[in-house]
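Peer 1: Pasting in a structure now, in structure tokens, and then I'll have a few things to ask.
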Amino acid sequence: MVCAMAMAAQADDLEVKKFQYAGPFEVKEPAQIDTMDVHSRPYLPGGLLDTPVNLDLTAQGKTVSSGVAPSSDLPYALHLLQFEVTTKTYKTFGIEVKGLNDYKVFINGKQMYGSNTTQAPGTYNVVIKYLSEKDRTDSLKVRIKKADDNISVSSSGQRLMALTDILHAKQYAGAKISADGRYIIAYTYQVQDGGQRQDSWRVMETKTGKVLTESKDPLEWIPYSNRYYAVRKGKDGRDIIATDPTTNATTTLAKGVPQGSITISPTGEYILLTNDVDGPREDGDVFEVLVPDDRQPNWRTRTQLSLFNCKTGVSYPITFGYRSMSLQDISQDGKYALISTSQRRLEKRPTRLASLYMLNLETLEVQPVVEDEGFLSGASFSPDGKKLVIKAGAEAFNGLGKNLPDGLTPNIYDYQLYIVDIATKAAKPMTKNFNPSIEWFEWNPQDNQIYFTALDKDKQSFFSLNPQTGKIRQYAMPEDMVSGTSLAAQTPLMAWFGESASNSDRLYTMTLKNGKSVLVEDLSRDNLHNITLGECKEWNFVSSKGDTINGRFYLPPHFDATKKYPLIVNYYGGCLPTSRHFESRYPHHVYAAQGYVVYVINPSGAAGFGQEFAARHVNTAGKGVAEDIIEGTKKFAAEHSYVDSKKIGCIGASYGGFMTQYLQTQTDIFAAAISHAGISDHTSYWGEGFWGYSYSEVSMANSYPWTRKDLYVDQSPLFNADKIHTPLLFLHGTQDTNVPVGESIQMYTALKLLGRPTALVLVNGEDHQIHDYRKRQKWQNTIFAWFEKYLKDNKDWWNDLYPEKNL
């Protein structure tokens, strides 16, 4: 039960009226062999306060009131009093305790020293640990000093979401189901306080969720089998040890397996190994770059395939050449490998052409199936080995999957499915008129259906495709995002995990025939224990162009529609929609917990809304995208009276970082803006980013700096810097190879020379995303502090992170 117990003690004080209580915990005086200790100090009973007690024991469900502190008939006893302090802003406040003789105060498990503490927005667990003596009665009065409307107290046990809840959440990295569907291998990971990652592979019973075994080393199912295997270091290399989860009996599948990534054949008779082959080395100090991609580390490394015979222990190469050979699939009968390779063609789009070959693993004869085709992304065999299912862009196979008016170029990242007949090499588009964009796919041998996940607006949904009729079926899933799937080979059952906009990962099974999902494990229950979230609601609008623009918004916890809230607008960072992932780089519920309304918009150009919508990303350099964001933001603020239209911020990364910059050249509706790893000059990014020219095949198809000045120059924020007046923060990793750090530096320099409000914060040693635990925390706090400075008119957090310097 939530206890309302905060009231004003005086103008700037809150008196704590209710506490959760735990105790008494008996402590005894030590035997006093000597009258003094080693430091010549006499014994004092107050030292018993240092006796360790688990501070989490406050959740006993007993509530006490202020006035008289709980005591005990024991000679000496320890007691715990717990309550929560919630602050909506970066705030310094005091905790005053009166009436207790011997006590200590802990905030989130750490002892508080001094009378004041400064905390970021969030909920803080306060525990008062005190010592009682028999026949002594202590009074109890606790006040929060320097309080204002942004601070509240409670003893409900509930709290607001914090960044650490995202950083420390246990999440699934994979889930694989056994051939008969009786068992699941669940692969989870969790980052501990300080940044250490713990990985775990667990074998679970599908029906009960019971964990049969747990391992820190990877576990995988043997194909078409109910046995799992682990790789162990052996006498002559690596040994593969198989285990039957029913009996726990182990056998050795293979001994002395050479190095290389392992793919066990469907028959279990052999293993295909993928190995790296080093290319020619250059002088490390002065060297020639052969092609633009040669700037990338290890670009000259190639991959080749070899076969290891499990019975004989003989290993031999099965591919050779100067190009990389990649394994796509092995036929169900084990006779053929589907391999791919590619070659460069820089003079014409697409600049890379791929080929698919069938390799007879007995004779090593090669049969080409698809040659020199652009826009390919993945392929696998049909169960009978006579066809291929291929994931590719709409322009593949001479535009066979294209469904666009003349003059429009498809978005390469808006993926389609094709079926290719191996004998005739004829390709058939299967999703040409299907709006969602294909992600994962698999041709199921159990029922001969193709199952796939696809970006479906801001969700990732699950579908099946009948390869004979072309009929597509969408399954009703209990989660917004179907993140990982695994089909059982011998029964119509699937294991899958996913999350939604307002919950973390959950693991399910689903019966393919009726589409019924059954919960196996709920990580979200533990990740979100005692956390109060605000509502997430869908909000779409019809633009002035007649388009329905998808979006959603997050409300702060304990939302009050009569109040005014600042608004943060977030948008996609490339060609993909800003999806409903719960734990993300920009965790929307954490922003909402700090008192913001968060509006997420998926404007023109995002995949998952149909080919025509996605094609608007191409050769527009952000123009239509910005118009959608500006119109959507204005309409959202107008239709929601609780939004403070004078306090609107915006944030995006990569392409979204460019969009942040570009928006400020087009509108003055934002009071603060943040660009992470954003593009400021399309020409410099095109030439300097590792993938600049190749990404421009997507966004600037068949357009180049020397042919389209209107796109590369006129649409670049750098050449419109004088139009920007919004306070603009640039964040960038110094080792960003995707969008080089100079993109932020040159724009920051321009705004400084123009005398505009701006800041540049660099994250040393980080790439396009911030992965280091400590650096990510400060990076995220930098974002929070910038918004608080300009959207809440509180400079304290920013000034504490980046104090003013007389330089």
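Simple scheme: letters A, B, ... for chains in structure tokens order, numbers from 1 for residues in each chain, numbers from 1 for ligands in the order shown.
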May I have the residues within 12 Å of A:His581 as an MDAnalysis selection string, using only C-alpha atoms and disregarding those fewer than 3 positions away in the same chain?
Peer 2: chainID A and resid 166 171 458:460 479:483 498:505 577:578 584:589
Peer 1: Keeping only N, CA and C atoms, write those residues as a compact mmCIF listing (two decimals), in the first residue's frame.
Peer 2:
# COMPACT_ATOMS: atom_id res chain seq x y z
N ILE A 166 18.61 0.25 -16.57
CA ILE A 166 18.87 -0.14 -17.96
C ILE A 166 20.23 -0.82 -18.06
N GLN A 171 19.29 -9.57 -19.68
CA GLN A 171 18.65 -9.63 -20.99
C GLN A 171 19.01 -10.91 -21.71
N ASP A 458 6.80 0.61 -35.90
CA ASP A 458 7.79 0.68 -34.83
C ASP A 458 7.85 -0.61 -34.02
N LYS A 459 7.25 -1.69 -34.55
CA LYS A 459 7.30 -2.99 -33.90
C LYS A 459 8.14 -3.96 -34.75
N GLN A 460 8.49 -5.09 -34.15
CA GLN A 460 9.09 -6.18 -34.91
C GLN A 460 8.17 -7.38 -34.73
N GLU A 479 4.22 -9.50 -27.27
CA GLU A 479 5.24 -8.47 -27.12
C GLU A 479 5.32 -7.62 -28.40
N ASP A 480 5.72 -6.37 -28.23
CA ASP A 480 5.88 -5.47 -29.38
C ASP A 480 7.04 -5.88 -30.27
N MET A 481 8.12 -6.35 -29.63
CA MET A 481 9.34 -6.65 -30.36
C MET A 481 9.67 -8.13 -30.22
N VAL A 482 9.55 -8.89 -31.32
CA VAL A 482 9.97 -10.28 -31.34
C VAL A 482 11.47 -10.27 -31.66
N SER A 483 12.29 -10.40 -30.63
CA SER A 483 13.72 -10.15 -30.78
C SER A 483 14.50 -11.36 -31.25
N GLY A 498 11.16 -11.63 -26.40
CA GLY A 498 10.86 -10.29 -26.87
C GLY A 498 10.58 -9.34 -25.73
N GLU A 499 10.32 -8.11 -26.08
CA GLU A 499 10.05 -7.06 -25.11
C GLU A 499 9.05 -6.10 -25.72
N SER A 500 8.58 -5.17 -24.91
CA SER A 500 7.63 -4.17 -25.37
C SER A 500 8.06 -2.80 -24.89
N ALA A 501 7.29 -1.80 -25.28
CA ALA A 501 7.66 -0.43 -24.93
C ALA A 501 7.74 -0.22 -23.43
N SER A 502 6.99 -1.01 -22.66
CA SER A 502 6.95 -0.79 -21.21
C SER A 502 7.30 -2.04 -20.41
N ASN A 503 8.02 -2.97 -21.00
CA ASN A 503 8.54 -4.10 -20.23
C ASN A 503 9.79 -4.65 -20.88
N SER A 504 10.58 -5.31 -20.06
CA SER A 504 11.84 -5.90 -20.49
C SER A 504 11.60 -7.30 -21.06
N ASP A 505 12.69 -8.09 -21.20
CA ASP A 505 12.64 -9.36 -21.91
C ASP A 505 11.79 -10.42 -21.21
N PRO A 577 13.25 2.39 -38.12
CA PRO A 577 12.39 3.15 -37.21
C PRO A 577 12.92 3.14 -35.78
N THR A 578 12.52 4.12 -35.00
CA THR A 578 12.81 4.12 -33.58
C THR A 578 11.82 3.16 -32.94
N SER A 584 17.27 0.62 -24.41
CA SER A 584 17.85 1.16 -25.63
C SER A 584 18.90 2.21 -25.26
N ARG A 585 19.58 2.74 -26.28
CA ARG A 585 20.57 3.78 -26.04
C ARG A 585 19.93 5.05 -25.51
N TYR A 586 18.68 5.26 -25.86
CA TYR A 586 17.93 6.41 -25.36
C TYR A 586 16.69 5.87 -24.65
N PRO A 587 16.84 5.39 -23.41
CA PRO A 587 15.73 4.73 -22.72
C PRO A 587 14.62 5.72 -22.38
N HIS A 588 13.54 5.67 -23.11
CA HIS A 588 12.52 6.70 -23.03
C HIS A 588 11.86 6.78 -21.66
N HIS A 589 11.70 5.62 -21.00
CA HIS A 589 11.08 5.65 -19.67
C HIS A 589 11.98 6.33 -18.64
Peer 1: Enumerate, as a list in words, the complete set of residues in stretch 522-595 of chain A that a backbone-based DSSP assignment places in alpha helix (DSSP H).
Peer 2: Leu523, Ser524, Arg525, Asp526, Asn527, His588, His589, Val590, Tyr591, Ala592 and Ala593 of chain A
Peer 1: Per residue of stretch 471-575 of chain A within 10 Å of stretch 428-450 of chain A, which atom pair is closest and at what distance in Å (one decimal), using only C-alpha atoms, listed by chain and increasing number, as JSON lines?
Peer 2:
{"residue": "A:Lys471", "atom": "CA", "partner": "A:Met430", "partner_atom": "CA", "distance": 8.9}
{"residue": "A:Ile472", "atom": "CA", "partner": "A:Thr431", "partner_atom": "CA", "distance": 8.6}
{"residue": "A:Ser483", "atom": "CA", "partner": "A:Trp440", "partner_atom": "CA", "distance": 9.4}
{"residue": "A:Gly484", "atom": "CA", "partner": "A:Trp440", "partner_atom": "CA", "distance": 8.6}
{"residue": "A:Thr485", "atom": "CA", "partner": "A:Trp440", "partner_atom": "CA", "distance": 8.5}
{"residue": "A:Ser486", "atom": "CA", "partner": "A:Glu442", "partner_atom": "CA", "distance": 9.2}
{"residue": "A:Leu487", "atom": "CA", "partner": "A:Asn444", "partner_atom": "CA", "distance": 7.3}
{"residue": "A:Ala488", "atom": "CA", "partner": "A:Gln446", "partner_atom": "CA", "distance": 7.9}
{"residue": "A:Ala489", "atom": "CA", "partner": "A:Gln446", "partner_atom": "CA", "distance": 5.7}
{"residue": "A:Gln490", "atom": "CA", "partner": "A:Gln446", "partner_atom": "CA", "distance": 5.8}
{"residue": "A:Thr491", "atom": "CA", "partner": "A:Gln446", "partner_atom": "CA", "distance": 6.5}
{"residue": "A:Pro492", "atom": "CA", "partner": "A:Gln446", "partner_atom": "CA", "distance": 6.8}
{"residue": "A:Leu493", "atom": "CA", "partner": "A:Gln446", "partner_atom": "CA", "distance": 9.6}
{"residue": "A:Leu512", "atom": "CA", "partner": "A:Asp447", "partner_atom": "CA", "distance": 9.5}
{"residue": "A:Lys513", "atom": "CA", "partner": "A:Asp447", "partner_atom": "CA", "distance": 9.7}
Peer 1: Can you write out the residues you just picked, keeping N, CA, C and O atoms, as a PDB file, in the first residue's frame?
Peer 2:
ATOM      1  N   LYS A 471       0.851 -16.770 -49.629  1.00  0.00           N
ATOM      2  CA  LYS A 471       0.034 -16.188 -48.561  1.00  0.00           C
ATOM      3  C   LYS A 471       0.875 -15.922 -47.323  1.00  0.00           C
ATOM      4  O   LYS A 471       1.647 -16.769 -46.881  1.00  0.00           O
ATOM      5  N   ILE A 472       0.719 -14.726 -46.759  1.00  0.00           N
ATOM      6  CA  ILE A 472       1.450 -14.321 -45.562  1.00  0.00           C
ATOM      7  C   ILE A 472       0.479 -14.248 -44.390  1.00  0.00           C
ATOM      8  O   ILE A 472      -0.609 -13.683 -44.506  1.00  0.00           O
ATOM      9  N   SER A 483      12.286 -10.397 -30.631  1.00  0.00           N
ATOM     10  CA  SER A 483      13.720 -10.147 -30.776  1.00  0.00           C
ATOM     11  C   SER A 483      14.501 -11.358 -31.248  1.00  0.00           C
ATOM     12  O   SER A 483      15.479 -11.224 -31.979  1.00  0.00           O
ATOM     13  N   GLY A 484      14.128 -12.557 -30.803  1.00  0.00           N
ATOM     14  CA  GLY A 484      14.855 -13.756 -31.179  1.00  0.00           C
ATOM     15  C   GLY A 484      13.911 -14.941 -31.301  1.00  0.00           C
ATOM     16  O   GLY A 484      12.962 -15.068 -30.521  1.00  0.00           O
ATOM     17  N   THR A 485      14.149 -15.809 -32.278  1.00  0.00           N
ATOM     18  CA  THR A 485      13.271 -16.950 -32.526  1.00  0.00           C
ATOM     19  C   THR A 485      14.088 -18.194 -32.814  1.00  0.00           C
ATOM     20  O   THR A 485      15.218 -18.126 -33.301  1.00  0.00           O
ATOM     21  N   SER A 486      13.483 -19.360 -32.517  1.00  0.00           N
ATOM     22  CA  SER A 486      14.128 -20.643 -32.796  1.00  0.00           C
ATOM     23  C   SER A 486      13.043 -21.678 -33.037  1.00  0.00           C
ATOM     24  O   SER A 486      12.181 -21.900 -32.180  1.00  0.00           O
ATOM     25  N   LEU A 487      13.083 -22.308 -34.206  1.00  0.00           N
ATOM     26  CA  LEU A 487      12.075 -23.296 -34.585  1.00  0.00           C
ATOM     27  C   LEU A 487      12.560 -24.700 -34.243  1.00  0.00           C
ATOM     28  O   LEU A 487      13.709 -25.060 -34.509  1.00  0.00           O
ATOM     29  N   ALA A 488      11.669 -25.500 -33.658  1.00  0.00           N
ATOM     30  CA  ALA A 488      11.983 -26.905 -33.410  1.00  0.00           C
ATOM     31  C   ALA A 488      11.893 -27.674 -34.729  1.00  0.00           C
ATOM     32  O   ALA A 488      10.953 -27.498 -35.506  1.00  0.00           O
ATOM     33  N   ALA A 489      12.883 -28.545 -34.984  1.00  0.00           N
ATOM     34  CA  ALA A 489      12.961 -29.223 -36.281  1.00  0.00           C
ATOM     35  C   ALA A 489      11.958 -30.359 -36.428  1.00  0.00           C
ATOM     36  O   ALA A 489      11.608 -30.734 -37.544  1.00  0.00           O
ATOM     37  N   GLN A 490      11.478 -30.933 -35.293  1.00  0.00           N
ATOM     38  CA  GLN A 490      10.658 -32.136 -35.376  1.00  0.00           C
ATOM     39  C   GLN A 490       9.241 -31.972 -34.834  1.00  0.00           C
ATOM     40  O   GLN A 490       8.478 -32.929 -34.780  1.00  0.00           O
ATOM     41  N   THR A 491       8.895 -30.743 -34.439  1.00  0.00           N
ATOM     42  CA  THR A 491       7.562 -30.505 -33.886  1.00  0.00           C
ATOM     43  C   THR A 491       7.173 -29.053 -34.158  1.00  0.00           C
ATOM     44  O   THR A 491       8.055 -28.188 -34.256  1.00  0.00           O
ATOM     45  N   PRO A 492       5.883 -28.766 -34.318  1.00  0.00           N
ATOM     46  CA  PRO A 492       5.476 -27.388 -34.649  1.00  0.00           C
ATOM     47  C   PRO A 492       5.515 -26.462 -33.438  1.00  0.00           C
ATOM     48  O   PRO A 492       4.493 -25.974 -32.965  1.00  0.00           O
ATOM     49  N   LEU A 493       6.697 -26.231 -32.948  1.00  0.00           N
ATOM     50  CA  LEU A 493       6.885 -25.419 -31.747  1.00  0.00           C
ATOM     51  C   LEU A 493       8.046 -24.457 -31.969  1.00  0.00           C
ATOM     52  O   LEU A 493       9.013 -24.781 -32.682  1.00  0.00           O
ATOM     53  N   LEU A 512       3.020 -23.355 -33.493  1.00  0.00           N
ATOM     54  CA  LEU A 512       2.912 -22.726 -34.804  1.00  0.00           C
ATOM     55  C   LEU A 512       1.534 -22.895 -35.427  1.00  0.00           C
ATOM     56  O   LEU A 512       1.072 -22.042 -36.186  1.00  0.00           O
ATOM     57  N   LYS A 513       0.848 -23.989 -35.107  1.00  0.00           N
ATOM     58  CA  LYS A 513      -0.444 -24.241 -35.735  1.00  0.00           C
ATOM     59  C   LYS A 513      -1.512 -23.249 -35.287  1.00  0.00           C
ATOM     60  O   LYS A 513      -2.305 -22.767 -36.097  1.00  0.00           O
TER      61      LYS A 513
END
Peer 1: Sort by chain and increasing residue number a table of all residues of stretch 98-191 of chain A within 8 Å of stretch 73-81 of chain A, each with its closest pair of atoms and their distance in Å to one decimal, counting only C-alpha atoms, and write it as CSV.
Peer 2:
residue,atom,partner,partner_atom,distance
A:Val127,CA,A:Leu81,CA,5.5
A:Ile128,CA,A:Leu81,CA,5.1
A:Lys129,CA,A:Leu80,CA,4.7
A:Tyr130,CA,A:His79,CA,5.4
A:Leu131,CA,A:Leu78,CA,4.7
A:Ser132,CA,A:Ala77,CA,5.3
A:Glu133,CA,A:Tyr76,CA,4.8
A:Lys134,CA,A:Pro75,CA,4.8
A:Asp135,CA,A:Asp73,CA,7.4
Peer 1: For those residues, write C-alpha atoms to a file as a PDB file, in the first residue's frame.
Peer 2:
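So out.pdb came out as:
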ATOM      1  CA  VAL A 127      17.854   3.706   5.523  1.00  0.00           C
ATOM      2  CA  ILE A 128      18.428   4.928   9.062  1.00  0.00           C
ATOM      3  CA  LYS A 129      20.295   2.359  11.108  1.00  0.00           C
ATOM      4  CA  TYR A 130      20.186   3.025  14.850  1.00  0.00           C
ATOM      5  CA  LEU A 131      21.166   1.407  18.154  1.00  0.00           C
ATOM      6  CA  SER A 132      18.740   1.041  21.054  1.00  0.00           C
ATOM      7  CA  GLU A 133      19.501   0.342  24.723  1.00  0.00           C
ATOM      8  CA  LYS A 134      17.224  -1.389  27.199  1.00  0.00           C
ATOM      9  CA  ASP A 135      15.123   0.981  29.312  1.00  0.00           C
TER      10      ASP A 135
END
Peer 1: Could you tell me which of A:Gly268, A:Gly157, A:Pro717, A:Gly313 comes closest to A:Gln664 if we count only C-alpha atoms?
Peer 2: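 Closest to A:Gln664, using only C-alpha atoms: A:Pro717.
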Peer 1: Can you pull out the residues contacting A:Thr683? Cut-off 7 Å, using only C-alpha atoms, and skip same-chain residues under 3 positions away; I want them as number ranges by chain.
Peer 2: A: 686-687, 705, 712
Peer 1: Counting only C-alpha atoms, what is within 7 Å of A:Lys18, bar same-chain residues fewer than 3 positions away, as a list in words?
Peer 2: Met5, Thr63, Val64, Ser65, Ser66 and Ser155 of chain A
Peer 1: Keeping only N, CA, C and O atoms, write those residues as a short mmCIF file (atom, residue, chain, number, x, y, z; two decimals), in the first residue's frame.
Peer 2:
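Now in part.cif:
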data_model
loop_
_atom_site.label_atom_id
_atom_site.label_comp_id
_atom_site.auth_asym_id
_atom_site.auth_seq_id
_atom_site.Cartn_x
_atom_site.Cartn_y
_atom_site.Cartn_z
N MET A 5 2.81 10.44 3.09
CA MET A 5 3.27 10.80 4.41
C MET A 5 4.19 11.99 4.40
O MET A 5 4.93 12.18 5.33
N THR A 63 5.03 -1.12 9.04
CA THR A 63 5.11 0.33 8.94
C THR A 63 5.04 0.95 10.32
O THR A 63 4.23 0.53 11.16
N VAL A 64 5.92 1.92 10.58
CA VAL A 64 5.90 2.65 11.85
C VAL A 64 5.81 4.14 11.55
O VAL A 64 6.14 4.60 10.45
N SER A 65 5.38 4.90 12.56
CA SER A 65 5.21 6.34 12.42
C SER A 65 6.29 7.07 13.18
O SER A 65 6.95 6.52 14.09
N SER A 66 6.49 8.31 12.81
CA SER A 66 7.44 9.14 13.55
C SER A 66 6.89 9.44 14.93
O SER A 66 5.71 9.21 15.22
N SER A 155 7.05 5.84 1.70
CA SER A 155 7.54 4.56 2.23
C SER A 155 6.85 3.41 1.51
O SER A 155 6.63 2.35 2.08
#
Peer 1: Of the candidates A:Val211, A:Arg506, A:Leu465, A:Gln777, which shows the shortest atom-to-atom distance to A:Pro478, using only C-alpha atoms?
Peer 2: A:Arg506
Peer 1: Please list as a ChimeraX atom specification every residue within 12 Å of A:Lys709, counting only C-alpha atoms and excluding residues in the same chain fewer than 4 positions away.
Peer 2: /A:619,621,681-683,700,703-705,713-716,719
Peer 1: Just write the chosen residues, C-alpha atoms, as a PDB file, in the first residue's frame.
Peer 2:
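Wrote part-v6.pdb, looks like this:
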ATOM      1  CA  ASN A 619      18.050  11.757 -52.328  1.00  0.00           C
ATOM      2  CA  ALA A 621      19.086  14.759 -47.456  1.00  0.00           C
ATOM      3  CA  ASP A 681      28.631  18.092 -43.918  1.00  0.00           C
ATOM      4  CA  HIS A 682      27.453  15.409 -46.331  1.00  0.00           C
ATOM      5  CA  THR A 683      30.552  15.846 -48.485  1.00  0.00           C
ATOM      6  CA  MET A 700      22.169   9.560 -52.003  1.00  0.00           C
ATOM      7  CA  SER A 703      24.178  11.154 -56.517  1.00  0.00           C
ATOM      8  CA  TYR A 704      27.665  12.457 -55.827  1.00  0.00           C
ATOM      9  CA  PRO A 705      29.177  15.663 -54.421  1.00  0.00           C
ATOM     10  CA  VAL A 713      26.123  21.245 -49.791  1.00  0.00           C
ATOM     11  CA  ASP A 714      22.825  23.092 -49.606  1.00  0.00           C
ATOM     12  CA  GLN A 715      21.280  20.471 -47.304  1.00  0.00           C
ATOM     13  CA  SER A 716      24.313  20.231 -45.002  1.00  0.00           C
ATOM     14  CA  PHE A 719      26.575  25.514 -44.730  1.00  0.00           C
TER      15      PHE A 719
END
Peer 1: Which residues are close to A:Val68, i.e. within 10 Å by only C-alpha atoms, leaving aside same-chain residues fewer than 6 positions away? Reply as a list in words.
Peer 2: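 Contacts, with the query itself left out: Gly99, Leu100, Thr137, Asp138, Ser139, Leu140 and Lys141 of chain A.
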Peer 1: What lies within 8 Å of A:Tyr790 using only C-alpha atoms, ignoring chain neighbours under 6 positions off, as a ChimeraX atom specification?
Peer 2: /A:647,671-672,727
Peer 1: Restricting the calculation to only C-alpha atoms: of A:Asp50, A:Glu214, A:Asp193, A:Glu697, which residue gets closest to A:Arg352?
Peer 2: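 Answer, going by the shortest atom-to-atom distance: A:Glu697.
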Peer 1: Give the strand (DSSP E) residues of stretch 425-557 of chain A, as DSSP finds them on the backbone, and put them as JSON, numbers by chain.
Peer 2: {"A": [427, 428, 429, 437, 438, 439, 440, 441, 442, 443, 450, 451, 452, 453, 454, 455, 456, 459, 460, 461, 462, 463, 464, 465, 472, 473, 474, 481, 482, 483, 484, 485, 486, 487, 493, 494, 495, 496, 497, 498, 499, 500, 503, 504, 505, 506, 507, 508, 509, 510, 511, 516, 517, 518, 519, 520, 521, 522, 531, 532, 536, 537, 538, 541, 542, 548, 549, 550, 551, 552, 553, 554]}
Peer 1: Take the residues from that selection and put them in a file with C-alpha atoms, as a short mmCIF file (atom, residue, chain, number, x, y, z; two decimals), in the first residue's frame.
Peer 2:
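Written out: part_17.cif:
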data_model
loop_
_atom_site.label_atom_id
_atom_site.label_comp_id
_atom_site.auth_asym_id
_atom_site.auth_seq_id
_atom_site.Cartn_x
_atom_site.Cartn_y
_atom_site.Cartn_z
CA ALA A 427 13.75 -15.64 -58.96
CA LYS A 428 10.29 -14.90 -57.61
CA PRO A 429 9.51 -11.92 -55.35
CA SER A 437 10.82 -4.93 -43.83
CA ILE A 438 12.30 -8.42 -43.47
CA GLU A 439 14.74 -9.13 -40.63
CA TRP A 440 15.23 -12.81 -39.68
CA PHE A 441 13.92 -15.72 -41.82
CA GLU A 442 13.97 -19.53 -41.88
CA TRP A 443 12.45 -22.18 -44.14
CA ILE A 450 8.92 -19.84 -44.31
CA TYR A 451 8.85 -18.02 -40.97
CA PHE A 452 10.23 -14.54 -40.57
CA THR A 453 10.31 -11.45 -38.42
CA ALA A 454 9.91 -8.01 -39.95
CA LEU A 455 10.02 -4.37 -38.95
CA ASP A 456 6.34 -3.52 -38.84
CA LYS A 459 7.30 -2.99 -33.90
CA GLN A 460 9.09 -6.18 -34.91
CA SER A 461 6.39 -8.72 -35.72
CA PHE A 462 6.30 -12.42 -36.58
CA PHE A 463 4.93 -13.89 -39.83
CA SER A 464 4.76 -17.04 -41.91
CA LEU A 465 4.88 -17.31 -45.70
CA ILE A 472 1.45 -14.32 -45.56
CA ARG A 473 0.08 -14.81 -42.07
CA GLN A 474 0.77 -12.46 -39.17
CA MET A 481 9.34 -6.65 -30.36
CA VAL A 482 9.97 -10.28 -31.34
CA SER A 483 13.72 -10.15 -30.78
CA GLY A 484 14.85 -13.76 -31.18
CA THR A 485 13.27 -16.95 -32.53
CA SER A 486 14.13 -20.64 -32.80
CA LEU A 487 12.08 -23.30 -34.59
CA LEU A 493 6.89 -25.42 -31.75
CA MET A 494 9.01 -22.30 -31.50
CA ALA A 495 10.96 -20.65 -28.69
CA TRP A 496 11.13 -16.88 -28.83
CA PHE A 497 11.88 -13.89 -26.65
CA GLY A 498 10.86 -10.29 -26.87
CA GLU A 499 10.05 -7.06 -25.11
CA SER A 500 7.63 -4.17 -25.37
CA ASN A 503 8.54 -4.10 -20.23
CA SER A 504 11.84 -5.90 -20.49
CA ASP A 505 12.64 -9.36 -21.91
CA ARG A 506 10.37 -12.38 -21.61
CA LEU A 507 10.87 -15.92 -22.98
CA TYR A 508 8.01 -17.84 -24.61
CA THR A 509 7.16 -20.92 -26.59
CA MET A 510 4.61 -20.74 -29.38
CA THR A 511 2.64 -23.49 -31.10
CA LYS A 516 -0.60 -19.57 -28.97
CA SER A 517 2.34 -18.31 -26.92
CA VAL A 518 3.11 -19.61 -23.43
CA LEU A 519 5.36 -17.72 -21.01
CA VAL A 520 8.44 -19.68 -19.92
CA GLU A 521 10.50 -17.06 -18.09
CA ASP A 522 9.94 -13.41 -17.22
CA ILE A 531 9.65 0.39 -10.39
CA THR A 532 6.79 2.73 -11.27
CA CYS A 536 3.22 4.76 -23.13
CA LYS A 537 0.53 5.61 -25.69
CA GLU A 538 0.36 5.50 -29.47
CA PHE A 541 -1.10 12.14 -37.05
CA VAL A 542 -2.03 12.85 -40.64
CA THR A 548 -0.19 8.93 -41.48
CA ILE A 549 2.98 9.46 -39.46
CA ASN A 550 3.55 6.86 -36.76
CA GLY A 551 4.52 7.82 -33.24
CA ARG A 552 4.08 7.21 -29.54
CA PHE A 553 4.65 9.12 -26.33
CA TYR A 554 5.69 8.40 -22.77
#
Peer 1: Counting only C-alpha atoms, which of A:Leu388, A:Ile629, A:Leu212, A:Ala162 gets nearest to A:Ala592?
Peer 2: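 Once distances to A:Ala592 are computed over only C-alpha atoms, the minimum belongs to A:Ala162.
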